[in-house]
Amino acid sequence: MELNKDMEKSREMARLAVEALSDKKAEDVRVLDISEVSVLADFFIIASGKNIRQIAALSDSVEEKLGEKGYLPKNIEGKSGASWLLMDFGEIIIHIF
């Protein structure tokens with residue numbers, strides 16, 4: 001029963017992240033269910049932005065939307081002006097190019 005609750009939480013987090021990415025016009029958004037092959041996360045989300053500013057806006061949108069529900073990132077890599085970002089929320093990992 002606990003596994004179902006954990007997976008429900010992961011699905012909700014993934015849904016919120018995709019919603020946040022879509023709100024800021026992310027391109028090529030893909031959600032990969034890696035729960036059967038990884039102990040690191042349940043979902044891996046990949047998205048693209050057109051430029052560094054949009055990538056930052058996408059990241060901010062995801063962080064805000066998930067934060068509103070109490071989901072905080074464990075780590076964010078590449079936030080200092082890079083052309084990519086990796087956001088680790090534990091149950092989901094988001095890579096923005």
# chains A, B, ... in the order shown; residues from 1 in each chain; ligands from 1
$ residues_around --residues "Gly70 (chain A)" --least-positions-apart "2" --cutoff "12 Å" --atoms "only C-alpha atoms" --output "ChimeraX atom specification"
/A:9,12-13,16,63-68,72-73,89
$ select_by_dssp --residues "region 6-46 of chain A" --states "alpha helix (DSSP H)" --output "JSON list (two decimals) with N, CA, C and O atoms, in the first residue's frame"
[["chain", "number", "residue", "atom", "x", "y", "z"],
["A", 6, "ASP", "N", 3.55, 6.31, -2.61],
["A", 6, "ASP", "CA", 4.78, 6.91, -3.10],
["A", 6, "ASP", "C", 4.68, 7.19, -4.60],
["A", 6, "ASP", "O", 5.10, 8.25, -5.07],
["A", 7, "MET", "N", 4.13, 6.25, -5.35],
["A", 7, "MET", "CA", 4.01, 6.42, -6.80],
["A", 7, "MET", "C", 2.98, 7.51, -7.12],
["A", 7, "MET", "O", 3.18, 8.27, -8.06],
["A", 8, "GLU", "N", 1.92, 7.60, -6.34],
["A", 8, "GLU", "CA", 0.93, 8.67, -6.53],
["A", 8, "GLU", "C", 1.59, 10.04, -6.33],
["A", 8, "GLU", "O", 1.34, 10.97, -7.09],
["A", 9, "LYS", "N", 2.43, 10.13, -5.30],
["A", 9, "LYS", "CA", 3.16, 11.38, -5.04],
["A", 9, "LYS", "C", 4.08, 11.71, -6.21],
["A", 9, "LYS", "O", 4.12, 12.85, -6.67],
["A", 10, "SER", "N", 4.79, 10.72, -6.70],
["A", 10, "SER", "CA", 5.69, 10.92, -7.84],
["A", 10, "SER", "C", 4.93, 11.37, -9.07],
["A", 10, "SER", "O", 5.36, 12.27, -9.79],
["A", 11, "ARG", "N", 3.78, 10.75, -9.32],
["A", 11, "ARG", "CA", 2.95, 11.13, -10.48],
["A", 11, "ARG", "C", 2.45, 12.57, -10.34],
["A", 11, "ARG", "O", 2.42, 13.32, -11.32],
["A", 12, "GLU", "N", 2.03, 12.93, -9.13],
["A", 12, "GLU", "CA", 1.57, 14.30, -8.91],
["A", 12, "GLU", "C", 2.70, 15.29, -9.17],
["A", 12, "GLU", "O", 2.52, 16.32, -9.82],
["A", 13, "MET", "N", 3.88, 14.97, -8.65],
["A", 13, "MET", "CA", 5.04, 15.85, -8.86],
["A", 13, "MET", "C", 5.35, 15.98, -10.34],
["A", 13, "MET", "O", 5.61, 17.09, -10.84],
["A", 14, "ALA", "N", 5.33, 14.88, -11.08],
["A", 14, "ALA", "CA", 5.60, 14.91, -12.52],
["A", 14, "ALA", "C", 4.55, 15.73, -13.25],
["A", 14, "ALA", "O", 4.87, 16.54, -14.12],
["A", 15, "ARG", "N", 3.28, 15.55, -12.87],
["A", 15, "ARG", "CA", 2.20, 16.31, -13.51],
["A", 15, "ARG", "C", 2.38, 17.81, -13.27],
["A", 15, "ARG", "O", 2.26, 18.62, -14.20],
["A", 16, "LEU", "N", 2.70, 18.19, -12.05],
["A", 16, "LEU", "CA", 2.92, 19.60, -11.72],
["A", 16, "LEU", "C", 4.10, 20.17, -12.49],
["A", 16, "LEU", "O", 4.05, 21.30, -12.98],
["A", 17, "ALA", "N", 5.17, 19.40, -12.59],
["A", 17, "ALA", "CA", 6.37, 19.85, -13.31],
["A", 17, "ALA", "C", 6.05, 20.06, -14.79],
["A", 17, "ALA", "O", 6.44, 21.08, -15.38],
["A", 18, "VAL", "N", 5.34, 19.13, -15.40],
["A", 18, "VAL", "CA", 4.99, 19.25, -16.82],
["A", 18, "VAL", "C", 4.07, 20.46, -17.03],
["A", 18, "VAL", "O", 4.22, 21.21, -18.00],
["A", 19, "GLU", "N", 3.15, 20.67, -16.10],
["A", 19, "GLU", "CA", 2.26, 21.83, -16.17],
["A", 19, "GLU", "C", 3.07, 23.13, -16.12],
["A", 19, "GLU", "O", 2.84, 24.05, -16.91],
["A", 20, "ALA", "N", 4.02, 23.19, -15.20],
["A", 20, "ALA", "CA", 4.87, 24.38, -15.07],
["A", 20, "ALA", "C", 5.71, 24.60, -16.32],
["A", 20, "ALA", "O", 5.86, 25.74, -16.77],
["A", 21, "LEU", "N", 6.24, 23.54, -16.88],
["A", 21, "LEU", "CA", 7.03, 23.64, -18.11],
["A", 21, "LEU", "C", 6.16, 24.11, -19.27],
["A", 21, "LEU", "O", 6.56, 24.98, -20.06],
["A", 22, "SER", "N", 4.97, 23.58, -19.37],
["A", 22, "SER", "CA", 4.04, 23.96, -20.44],
["A", 22, "SER", "C", 3.62, 25.42, -20.31],
["A", 22, "SER", "O", 3.48, 26.12, -21.32],
["A", 23, "ASP", "N", 3.43, 25.87, -19.07],
["A", 23, "ASP", "CA", 3.04, 27.27, -18.84],
["A", 23, "ASP", "C", 4.06, 28.24, -19.41],
["A", 23, "ASP", "O", 3.71, 29.34, -19.83]]
$ residues_around --residues "region 35-49 of chain A" --least-positions-apart "3" --cutoff "6 Å" --atoms "only C-alpha atoms" --output "ChimeraX atom specification"
/A:26-32,54-55,90-97
$ select_by_dssp --residues "region 3-81 of chain A" --states "strand (DSSP E or B)" --output "list in words"
Glu27, Asp28, Val29, Arg30, Val31, Leu32, Asp33, Phe43, Phe44, Ile45, Ile46, Ala47, Ser48, Asn75, Ile76 and Glu77 of chain A
$ atom_distance --atom1 "CA of Ile34 (chain A)" --atom2 "CA of Ser83 (chain A)"
24.7 Å
$ atom_distance --atom1 "CA of Ala57 (chain A)" --atom2 "CA of Lys25 (chain A)"
9.8 Å
$ closest_residue --among "A:Asn75, A:Leu58, A:Lys69, A:Ile52" --to "Met87 (chain A)" --atoms "only C-alpha atoms"
A:Asn75
$ atom_distance --atom1 "CA of Leu86 (chain A)" --atom2 "CA of Lys5 (chain A)"
25.3 Å
